[in-house]
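Right, one structure below, let's go through it.
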Amino acid sequence: MGALLKLTDAVLFLVFLVVALAAPLLDAQTCLPATVFPDLLLEAKVWYSREYGDYLFTEKPHFFVGLVWLELLFQWPLAIVNLYGILASKRWFRITCLIYGVSLFTSMVAIMSEMVWSQKASEDLLKLYFPFMGFGALAMLRGLVPAGRTTLDIGKRHTVGRKKRE
């Protein structure tokens with residue numbers, strides 16, 4: 001069980017790291033003025049939108065802009081907190097991971113529903129977004145793992161509840 005938790009935490013760490021970087025640099029371009037961003041980032045977003053046909057970034061439907069605001073104001077800070085929680089083996093990581101997972105999964109259901117029902121999304125675009133729904137589910141499951149030692153403190157000696165030898 002410990003190795004599986006370590007693997008799960010490693011995957012989630014990478015996801016949180018991607019979100020911590022991509023949210024303010026790329027996703028924020030959906031709702032903030034272009035003058036805030038350097039040309040290199042603007043060009044990166046244009047390339048991505050063209051390469052994958054991400055019509056949500058170019059058309060900016062209202063629901064998508066709202067979900068990006070949710071990401072910037074709620075999910076992004078949680079991703080940063082979860083990075084710290086994994087690295088420092090904090091007990092509250094389970095709770096913040098569960099909250100993040102529910103929020104991400106819910107957002108992805110709305111986005112994937114729009115993409116599938118509108119039939120505007122290319123297969124490549126669906127393949128790009130679909131794993132994030134899985135990451136949301138993985139974060140929820142990680143948050144539901146019973147309390148106990150976290151993955152990064154396995155093997156460390158804990159003194160809570162032990163009697164002092166004299």
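Identifiers for the structure tokens are assigned positionally: chains receive A, B, ... in sequence, residues are indexed from 1 per chain, and ligands are indexed from 1 in the order shown.
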
Excluding Ala137 (chain A) and residues on its chain fewer than 5 positions from it, collect all residues at most 12 Å away from it, counting only C-alpha atoms, and give them as a PDB file with C-alpha atoms, in the first residue's frame.
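New file result-v8.pdb:
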ATOM      1  CA  THR A   8       0.005   8.357  -6.461  1.00  0.00           C
ATOM      2  CA  LEU A  12      -0.285  14.239  -8.150  1.00  0.00           C
ATOM      3  CA  CYS A  97      -6.329  16.989  -2.001  1.00  0.00           C
ATOM      4  CA  LEU A  98      -9.953  15.853  -1.754  1.00  0.00           C
ATOM      5  CA  ILE A  99     -11.208  19.429  -2.117  1.00  0.00           C
ATOM      6  CA  TYR A 100      -8.962  20.002  -5.126  1.00  0.00           C
ATOM      7  CA  GLY A 101     -10.015  16.724  -6.731  1.00  0.00           C
ATOM      8  CA  VAL A 102     -13.734  17.449  -6.393  1.00  0.00           C
ATOM      9  CA  SER A 103     -13.280  20.933  -7.842  1.00  0.00           C
ATOM     10  CA  LEU A 104     -11.124  19.762 -10.754  1.00  0.00           C
ATOM     11  CA  PHE A 105     -13.365  16.797 -11.568  1.00  0.00           C
ATOM     12  CA  THR A 106     -16.475  18.963 -11.536  1.00  0.00           C
ATOM     13  CA  SER A 107     -14.862  21.561 -13.804  1.00  0.00           C
ATOM     14  CA  MET A 108     -13.686  18.866 -16.192  1.00  0.00           C
ATOM     15  CA  VAL A 109     -17.164  17.322 -16.400  1.00  0.00           C
ATOM     16  CA  PHE A 130      -9.468  13.863 -20.617  1.00  0.00           C
ATOM     17  CA  PRO A 131      -6.528  12.957 -18.325  1.00  0.00           C
ATOM     18  CA  PHE A 132      -7.319  15.950 -16.121  1.00  0.00           C
ATOM     19  CA  ARG A 142      -6.092  10.064  -2.518  1.00  0.00           C
ATOM     20  CA  GLY A 143      -8.057  12.345  -0.243  1.00  0.00           C
ATOM     21  CA  LEU A 144     -10.232   9.437   0.852  1.00  0.00           C
TER      22      LEU A 144
END

Inset, instruction - Excluding Phe57 (chain A) and residues on its chain fewer than 3 positions from it, collect all residues at most 10 Å away from it, counting only C-alpha atoms, and give them as a PyMOL selection string. - result: chain A and resi 26-27+29-31+45-46+48-50+53-54+60-61+64-65

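If you look at CA of Leu70 (chain A) and CA of Pro33 (chain A), they are 17.2 Å away from each other.
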
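Of the residues listed (A:Leu56, A:Leu42, A:Ala28, A:Leu78), A:Leu78 shows the shortest atom-to-atom separation from Ala139 (chain A); distances use only C-alpha atoms.
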
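Distances here use only C-alpha atoms; by that measure, the residue among A:His62, A:Leu125, A:Arg91, A:Val15 closest to Gln75 (chain A) is A:Val15.
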
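The residue that comes closest to Ala22 (chain A), out of A:Leu138, A:Trp76, A:Thr96, A:Tyr129 and on the basis of only C-alpha atoms, is A:Trp76.
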
Inset, instruction - DSSP on the backbone, then: every residue of region 1-86 of chain A marked alpha helix (DSSP H), written as an NGL selection string. - result: :A and (2-25 or 39-52 or 55-59 or 62-70 or 76-86)

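For the choices A:Lys90, A:Ile95, A:Leu128, A:Ala79, the atom-to-atom distance to Val18 (chain A) is smallest for A:Ala79 when using only C-alpha atoms.
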
Legend entry - Who sits within 12 Å of Ala10 (chain A), only C-alpha atoms, same chain under 6 positions skipped, as a PyMOL selection string: chain A and resi 3-4+16-17+82-83+86-87+135+138-139+142+151-152
